[in-house]
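Report on one structure; see the data block that follows.
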Amino acid sequence: MSTRIPLKLRSSTLIIIAFYFLIGCQSDNNIYNPQSELQLQIEEQLGSLDILKLPNTNDYQNIPQDPNNKLSQQKIVLGKFLFHETGIALNPLQEIGKDTYSCASCHHSKAGFQSGMKQGIGEGGSGFGLHGEMRVISSEYEESQIDIQPIRSPTILNTAFQEVMLWNGQFGAKGINQGTEANWTANTPKENNNLGFEGLETQAIAGIGVHRLKIDIDLIMNSPYKTLFDDAFPDSPIEDRYTKINAGLAIAAFERTILANEAPFQKWLNGSKGAMSETEINGALLFFGKGNCYTCHSGPGLNGMEFHALGMNDLSGANVHGILDEVTIKGRGGFTNNPDDDYAFKTPTLYNLKDVNHLGHGGNFSSVKEIIEYKNEAIAQNTIVPQAKLSSKFQVLGLTNEEINQLTAFIENALYDPNLKRFVPENTPLNNCFPNADAQSKIDMGCD
């Protein structure tokens with residue numbers, strides 16, 4: 001025997017069911033979505049995702065460039081070769097060093113275009129290992145003869161987004177270096193600022209001399225480099241075409257195209273929502289939120305043009321070579337001679353950091369996580385840096401261990417471009433081994 005439900009009761013039941021159905025739909029729409037939250041957070045903080053997008057490598061219109069050194073494919077090709085060419089290592093202190101080093105000795109792709117060791121070595125180095133980590137002082141050299149970096153070699157990755165170069169920003173005639181002309185000391189590399197170029201161009205020109213390279217006219221005229229220079233600088237008078245300045249401009253043009261635009265975060269910014277893991281997304285939320293990392297590491301390169309004193313140690317330890325002078329220790333202040341700038345160093349890019357285990361300007365951190373933990377606690381480790389000099393942004397972050405791990409995952413993995421080898425030529429016009437061509441490096445890298 002069936003029971004009939006009164007019409008009034010049935011109507012009430014249907015209304016209740018419909019009500020809960022609508023509530024359920026609204027709840028589904030309000031489910032927390034970390035990807036959407038990240039997008040909203042970046043847009044609230046920066047205005048648009050576009051602020052963080054790196055241009056494509058061949059998108060010359062959107063790659064920052066010096067107006068006095070316009071990018072061209074021909075110029076970039078020449079610079080790519082010169083950057084890796086050990087055949088222009090023609091100014092060594094010892095004859096045995098000839099043709100054995102290059103710009104890439106201290107800035108190579110296998111270490112994220114920095115050095116694979118605490119101090120990069122040009123002339124006087126021996127060996128390479130897998131990613132530059134096994135380079136040592138050659139037994140043929142005295143320590144005073146080697147070309148070794150007095151501070152950790154900064155990367156050239158994403159440097160198109162920095163208008164001055166080096167940890168102290170001493171190279172570059174424009175932007176924040178306007179007004180520092182009194183410090184462009186004659187007969188030092190800094191005098192190259194008087195040429196009027198931006199940082200990358202000035203550094204590249206100065207670096208040819210500093211690092212014992214030479215643009216030899218006879219070598220150029222009797223090799224494929226003549227045609228490469230002709231193609232790159234067709235409007236340059238013949239008498240000025242095959243010069244150190246043009247070589248430096250070509251190298252800088254190439255460096256401007258070295259962009260980590262294939263990193264997962266870049267793919268995410270461009271619409272690939274599966275590019276980052278959940279842990280990395282949570283780390284990104286911390287980066288642009290609680291961690292406040294974005295306030296210093298800004299723009300497409302996540303670097304920045306500010307200088308901060310974070311109290312990190314300088315180069316130290318038994319394996320450190322050379323004398324660490326006061327000018328280097330003082331960072332920006334060592335260049336500007338302004339006490340307010342003492343112990344402040346330029347904000348580096350955060351892309352491609354996991355290929356090296358020497359981080360910080362002094363190379364005394366072995367991992368990204370160590371640096372995050374250091375900034376989280378905000379306790380200066382360098383006792384020579386006065387408390388009053390520390391950056392106002394060096395503050396306790398209050399991150400939990402889980403949050404530190406999430407932030408580490410974002411920086412190490414989501415900001416890692418796995419294909420930097422696309423910026424390395426298969427060979428150079430002189431067919432030399434590179435980035436080094438000393439006997440042990442040839443063995444390590446399998447060069448003929």
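Quick note on naming: the chains in the structure tokens go A, B, ... in the order shown, residues restart at 1 in each chain, and ligands are numbered from 1 in order of appearance.
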Restrict the calculation to only C-alpha atoms, then for each residue of region 303-404 of chain A with any atom at most 9 Å from an atom of region 168-182 of chain A give the closest atom pair and their distance in Å to one decimal, rows by chain and rising residue number, as a Markdown table.
| residue | atom | partner | partner_atom | distance |
| --- | --- | --- | --- | --- |
| A:Met305 | CA | A:Ile176 | CA | 8.4 |
| A:Phe307 | CA | A:Asn168 | CA | 8.0 |
| A:Thr328 | CA | A:Asn168 | CA | 8.1 |
| A:Lys330 | CA | A:Asn168 | CA | 8.5 |
| A:Gly331 | CA | A:Asn168 | CA | 4.9 |
| A:Arg332 | CA | A:Asn168 | CA | 4.2 |
| A:Gly333 | CA | A:Asn168 | CA | 7.6 |
| A:Gly334 | CA | A:Asn168 | CA | 7.5 |
| A:Phe335 | CA | A:Gln170 | CA | 6.2 |
| A:Thr336 | CA | A:Thr180 | CA | 6.4 |
| A:Ala344 | CA | A:Asn168 | CA | 7.7 |
| A:Phe345 | CA | A:Asn168 | CA | 5.7 |
| A:Lys346 | CA | A:Asn168 | CA | 6.2 |
With only C-alpha atoms as the counted atoms, please give the residues lying no more than 12 Å from Asn292 (chain A), apart from itself and same-chain residues fewer than 3 positions off, as a PDB file with N, CA and C atoms, in the first residue's frame.
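Dumped to part-v6.pdb:
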ATOM      1  N   GLN A  41      47.300  37.515  -5.990  1.00  0.00           N
ATOM      2  CA  GLN A  41      48.303  38.113  -5.106  1.00  0.00           C
ATOM      3  C   GLN A  41      49.316  38.916  -5.905  1.00  0.00           C
ATOM      4  N   ILE A  42      49.805  38.357  -7.026  1.00  0.00           N
ATOM      5  CA  ILE A  42      50.774  39.077  -7.857  1.00  0.00           C
ATOM      6  C   ILE A  42      50.144  40.328  -8.448  1.00  0.00           C
ATOM      7  N   GLN A  45      49.911  42.957  -5.774  1.00  0.00           N
ATOM      8  CA  GLN A  45      51.205  43.507  -5.376  1.00  0.00           C
ATOM      9  C   GLN A  45      51.863  44.302  -6.496  1.00  0.00           C
ATOM     10  N   GLY A 283      55.074  27.934  -2.359  1.00  0.00           N
ATOM     11  CA  GLY A 283      56.299  28.710  -2.169  1.00  0.00           C
ATOM     12  C   GLY A 283      56.213  30.068  -2.837  1.00  0.00           C
ATOM     13  N   ALA A 284      55.597  30.104  -4.029  1.00  0.00           N
ATOM     14  CA  ALA A 284      55.428  31.377  -4.730  1.00  0.00           C
ATOM     15  C   ALA A 284      54.512  32.314  -3.951  1.00  0.00           C
ATOM     16  N   LEU A 285      53.459  31.747  -3.342  1.00  0.00           N
ATOM     17  CA  LEU A 285      52.576  32.553  -2.512  1.00  0.00           C
ATOM     18  C   LEU A 285      53.342  33.195  -1.350  1.00  0.00           C
ATOM     19  N   LEU A 286      54.288  32.451  -0.798  1.00  0.00           N
ATOM     20  CA  LEU A 286      55.133  33.002   0.269  1.00  0.00           C
ATOM     21  C   LEU A 286      56.081  34.059  -0.275  1.00  0.00           C
ATOM     22  N   PHE A 287      56.617  33.810  -1.472  1.00  0.00           N
ATOM     23  CA  PHE A 287      57.559  34.740  -2.102  1.00  0.00           C
ATOM     24  C   PHE A 287      56.907  36.113  -2.284  1.00  0.00           C
ATOM     25  N   PHE A 288      55.659  36.099  -2.767  1.00  0.00           N
ATOM     26  CA  PHE A 288      54.949  37.351  -3.021  1.00  0.00           C
ATOM     27  C   PHE A 288      54.028  37.746  -1.860  1.00  0.00           C
ATOM     28  N   GLY A 289      54.188  37.065  -0.742  1.00  0.00           N
ATOM     29  CA  GLY A 289      53.360  37.354   0.418  1.00  0.00           C
ATOM     30  C   GLY A 289      54.180  37.471   1.681  1.00  0.00           C
ATOM     31  N   THR A 295      59.961  42.261  -2.732  1.00  0.00           N
ATOM     32  CA  THR A 295      60.264  43.673  -2.515  1.00  0.00           C
ATOM     33  C   THR A 295      61.714  44.001  -2.865  1.00  0.00           C
ATOM     34  N   CYS A 296      62.581  43.009  -2.882  1.00  0.00           N
ATOM     35  CA  CYS A 296      63.975  43.205  -3.302  1.00  0.00           C
ATOM     36  C   CYS A 296      64.229  42.527  -4.654  1.00  0.00           C
ATOM     37  N   HIS A 297      63.785  41.280  -4.772  1.00  0.00           N
ATOM     38  CA  HIS A 297      63.988  40.517  -6.009  1.00  0.00           C
ATOM     39  C   HIS A 297      62.803  40.790  -6.922  1.00  0.00           C
ATOM     40  N   SER A 298      62.973  41.777  -7.789  1.00  0.00           N
ATOM     41  CA  SER A 298      61.844  42.309  -8.534  1.00  0.00           C
ATOM     42  C   SER A 298      62.068  42.218 -10.037  1.00  0.00           C
ATOM     43  N   ILE A 372      67.665  31.186   2.830  1.00  0.00           N
ATOM     44  CA  ILE A 372      66.317  31.485   3.314  1.00  0.00           C
ATOM     45  C   ILE A 372      66.275  31.413   4.836  1.00  0.00           C
ATOM     46  N   LYS A 375      67.935  34.542   6.211  1.00  0.00           N
ATOM     47  CA  LYS A 375      67.079  35.737   6.125  1.00  0.00           C
ATOM     48  C   LYS A 375      65.875  35.619   7.049  1.00  0.00           C
ATOM     49  N   ASN A 376      65.419  34.410   7.284  1.00  0.00           N
ATOM     50  CA  ASN A 376      64.282  34.203   8.174  1.00  0.00           C
ATOM     51  C   ASN A 376      64.614  34.596   9.607  1.00  0.00           C
ATOM     52  N   LYS A 393      65.301  46.142   5.374  1.00  0.00           N
ATOM     53  CA  LYS A 393      64.521  44.995   4.903  1.00  0.00           C
ATOM     54  C   LYS A 393      65.054  43.667   5.445  1.00  0.00           C
ATOM     55  N   PHE A 394      66.124  43.728   6.207  1.00  0.00           N
ATOM     56  CA  PHE A 394      66.674  42.528   6.834  1.00  0.00           C
ATOM     57  C   PHE A 394      65.947  42.320   8.148  1.00  0.00           C
ATOM     58  N   GLN A 395      64.770  41.713   8.063  1.00  0.00           N
ATOM     59  CA  GLN A 395      63.882  41.566   9.203  1.00  0.00           C
ATOM     60  C   GLN A 395      63.480  40.106   9.386  1.00  0.00           C
ATOM     61  N   VAL A 396      63.180  39.733  10.625  1.00  0.00           N
ATOM     62  CA  VAL A 396      62.686  38.378  10.912  1.00  0.00           C
ATOM     63  C   VAL A 396      61.414  38.132  10.109  1.00  0.00           C
ATOM     64  N   LEU A 397      61.351  36.986   9.411  1.00  0.00           N
ATOM     65  CA  LEU A 397      60.207  36.688   8.551  1.00  0.00           C
ATOM     66  C   LEU A 397      59.146  35.838   9.228  1.00  0.00           C
ATOM     67  N   GLY A 398      59.537  35.042  10.203  1.00  0.00           N
ATOM     68  CA  GLY A 398      58.577  34.203  10.906  1.00  0.00           C
ATOM     69  C   GLY A 398      58.073  33.023  10.091  1.00  0.00           C
ATOM     70  N   LEU A 399      58.892  32.538   9.166  1.00  0.00           N
ATOM     71  CA  LEU A 399      58.501  31.381   8.359  1.00  0.00           C
ATOM     72  C   LEU A 399      58.662  30.089   9.155  1.00  0.00           C
ATOM     73  N   LEU A 407      59.181  27.550   0.058  1.00  0.00           N
ATOM     74  CA  LEU A 407      59.858  28.669  -0.592  1.00  0.00           C
ATOM     75  C   LEU A 407      61.120  28.189  -1.306  1.00  0.00           C
TER      76      LEU A 407
END
Would you pick out the contacts of region 196-213 of chain A at 9 Å or less, using only C-alpha atoms, so that residues sharing its chain but fewer than 4 positions from it are not included, and give the list as a PDB file with C-alpha atoms, in the first residue's frame?
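The new file selection27.pdb reads:
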ATOM      1  CA  GLN A  65      69.260  47.305 -24.438  1.00  0.00           C
ATOM      2  CA  ASP A  66      71.715  50.159 -24.488  1.00  0.00           C
ATOM      3  CA  PRO A  67      70.540  52.708 -27.093  1.00  0.00           C
ATOM      4  CA  ASN A  68      74.170  52.973 -28.160  1.00  0.00           C
ATOM      5  CA  ASN A  69      74.400  49.211 -28.720  1.00  0.00           C
ATOM      6  CA  THR A  86      89.694  30.603 -25.731  1.00  0.00           C
ATOM      7  CA  GLY A  87      91.574  31.657 -28.878  1.00  0.00           C
ATOM      8  CA  ILE A  88      91.487  35.306 -27.757  1.00  0.00           C
ATOM      9  CA  ALA A  89      93.324  34.466 -24.507  1.00  0.00           C
ATOM     10  CA  LEU A  90      96.367  36.250 -25.925  1.00  0.00           C
ATOM     11  CA  ASN A  91      97.597  38.352 -23.003  1.00  0.00           C
ATOM     12  CA  PRO A  92      98.660  35.764 -20.396  1.00  0.00           C
ATOM     13  CA  LEU A  93     101.345  36.307 -17.793  1.00  0.00           C
ATOM     14  CA  TYR A 101      90.712  30.614 -20.864  1.00  0.00           C
ATOM     15  CA  SER A 102      87.692  32.670 -21.896  1.00  0.00           C
ATOM     16  CA  CYS A 103      84.860  34.807 -20.505  1.00  0.00           C
ATOM     17  CA  GLY A 122      90.684  32.438 -15.705  1.00  0.00           C
ATOM     18  CA  GLU A 123      94.371  32.296 -16.559  1.00  0.00           C
ATOM     19  CA  ASP A 147      93.518  35.690 -12.653  1.00  0.00           C
ATOM     20  CA  ILE A 156      75.233  37.068 -16.338  1.00  0.00           C
ATOM     21  CA  THR A 159      71.449  40.826 -16.565  1.00  0.00           C
ATOM     22  CA  ALA A 160      69.603  42.636 -19.364  1.00  0.00           C
ATOM     23  CA  GLN A 162      70.328  45.397 -14.544  1.00  0.00           C
ATOM     24  CA  GLU A 163      71.674  48.755 -15.635  1.00  0.00           C
ATOM     25  CA  VAL A 164      74.942  48.547 -13.649  1.00  0.00           C
ATOM     26  CA  MET A 165      77.170  45.539 -13.154  1.00  0.00           C
ATOM     27  CA  LEU A 166      79.221  43.731 -10.493  1.00  0.00           C
ATOM     28  CA  GLY A 169      77.635  48.248  -9.384  1.00  0.00           C
ATOM     29  CA  GLN A 170      80.829  49.993 -10.498  1.00  0.00           C
ATOM     30  CA  PHE A 171      80.296  49.433 -14.234  1.00  0.00           C
ATOM     31  CA  GLY A 172      77.824  51.583 -16.121  1.00  0.00           C
ATOM     32  CA  ALA A 173      77.693  55.294 -16.913  1.00  0.00           C
ATOM     33  CA  LYS A 174      73.938  55.735 -16.588  1.00  0.00           C
ATOM     34  CA  GLY A 175      71.080  55.394 -14.139  1.00  0.00           C
ATOM     35  CA  PRO A 189      88.826  49.367 -15.245  1.00  0.00           C
ATOM     36  CA  LYS A 190      86.318  51.921 -13.900  1.00  0.00           C
ATOM     37  CA  GLU A 191      87.551  54.542 -16.369  1.00  0.00           C
ATOM     38  CA  ASN A 192      85.685  52.610 -19.068  1.00  0.00           C
ATOM     39  CA  LYS A 244      88.155  45.762 -28.180  1.00  0.00           C
ATOM     40  CA  ILE A 245      85.213  48.153 -27.923  1.00  0.00           C
ATOM     41  CA  ASN A 246      83.229  46.463 -30.693  1.00  0.00           C
ATOM     42  CA  ALA A 247      84.142  43.040 -29.309  1.00  0.00           C
ATOM     43  CA  GLY A 248      82.818  44.131 -25.907  1.00  0.00           C
ATOM     44  CA  LEU A 249      79.629  45.493 -27.452  1.00  0.00           C
ATOM     45  CA  ALA A 250      79.043  42.182 -29.228  1.00  0.00           C
ATOM     46  CA  ILE A 251      79.644  40.196 -26.025  1.00  0.00           C
ATOM     47  CA  ALA A 252      77.224  42.449 -24.132  1.00  0.00           C
ATOM     48  CA  ALA A 253      74.599  42.050 -26.872  1.00  0.00           C
ATOM     49  CA  GLU A 255      74.678  38.499 -22.705  1.00  0.00           C
ATOM     50  CA  ARG A 256      71.433  40.472 -22.945  1.00  0.00           C
TER      51      ARG A 256
END
> Can you list, as a VMD selection string, every protein, DNA or RNA residue that comes within 12 Å of Arg422 (chain A) when you count only C-alpha atoms, leaving out same-chain residues fewer than 5 positions away?
Replying inline: chain A and resid 57 80 108 to 110 257 to 262 417
>> Please compute the CA of Gly120 (chain A)-CA of Gln149 (chain A) distance, one decimal, in Å.
In response: 5.5 Å
